[in-house]
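**Student:** Below is a structure I'd like to ask you about.
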Amino acid sequence: MENLLPFFEVCGPAGEHFIAELAKNRVSIGRFELYNDIALEPDPQQLVTRKVHCTIERDIDGWWVIDNGSVNGTFLLRDGVMVQVDGRALLEEGDCIHILGMLTEAGEPVYWQMTFSDPMGTRPAGQRRTTPQAYLEYDWLQAKLFRIEGGTRQEISNLRPQEHKLIRYMDQRNRANGNMPVMCTFEELQTALWGDEVLHTEAEINYVIFGLRKKLELDQKQPQFLETVRGLGYRLVTRSIKK
């Protein structure tokens, strides 16, 4: 039967082979099936990030591969040339995502290979008009947060110390990932807020997020700046000011 949905043909470093359909607009890829939509198992050398190595996301322009600040990187092979994904890259028919899956005894890399195909995808009839996307902008020199939408720049004031600490940490992770949003786990956010203190819970992090959303979001029922990654953590949509 012909594939109606876009899909990856996945080939693993030890001969694994399967088809992974993109049945929703955001698909996570990582080591463990418990945490990811597409699991790259087995991974005995622990080279693939266990919680969201990268994501595949769809918008008006098409499907993107977005590295999630992974330790060993995400690579894209196109027309015989392989480059590391710096933040994100728009996928084209036949592109092959490479994720390090094994190092041989000689130290040679062997990759998980994921070839993208969308033969039934809708073709644009003409030039499309895009709507400017709203996003947050954090100014590190002034230590101020702004919401940008349709040319309007509004400062988000009255941030509590914990809220500011969370924003600063999540924006730092984004900047290290080419200004692309990184999913921060509950464990990472707990350390960012309380350091080595123990006995803090996910509920406390959720409480801080709830307070932030009341100040950031235009529609709290459909958050667009502080996005929930169900069961794993949150990610912040920012662009950093560089001076």
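The chains in the structure tokens are called A, B, ... from first to last as shown; in each chain the residues are counted from 1, and the ligands are counted from 1 in the order shown.
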Once DSSP has gone over the backbone, tell me which residues of segment 131-200 of chain A are in strand (DSSP E or B), as a list in words.

**Tutor:**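 The strand (DSSP E or B) residues within segment 131-200 of chain A come out as Tyr135, Leu136, Glu137, Tyr138, Asp139, Lys144, Leu145, Phe146, Arg147, Ile148, Glu149, Thr152, Arg153, Gln154, Glu155, Ile156, Met183, Cys184 and Thr185 of chain A.
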
**Student:** With only C-alpha atoms as the counted atoms, please give the residues lying no more than 9 Å from Asp118 of chain A, apart from itself and same-chain residues fewer than 5 positions off, as an MDAnalysis selection string.

**Tutor:** chainID A and resid 3:8 92:94

**Student:** Which parts of segment 17-186 of chain A does DSSP call alpha helix (DSSP H) when run on the backbone here, written out as a list in words?

**Tutor:**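 DSSP-assigned alpha helix (DSSP H) residues in segment 17-186 of chain A: Pro161, Gln162, Glu163, His164, Lys165, Leu166, Ile167, Arg168, Tyr169, Met170, Asp171, Gln172, Arg173, Asn174, Arg175 and Phe186 of chain A.
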
**Student:** Which residue is closest to Ser157 of chain A? Choose from A:Ala106, A:Leu199, A:Ala125, A:Leu216 and count only C-alpha atoms.

**Tutor:**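 Of A:Ala106, A:Leu199, A:Ala125, A:Leu216, the one nearest Ser157 of chain A is A:Leu216, counting only C-alpha atoms.
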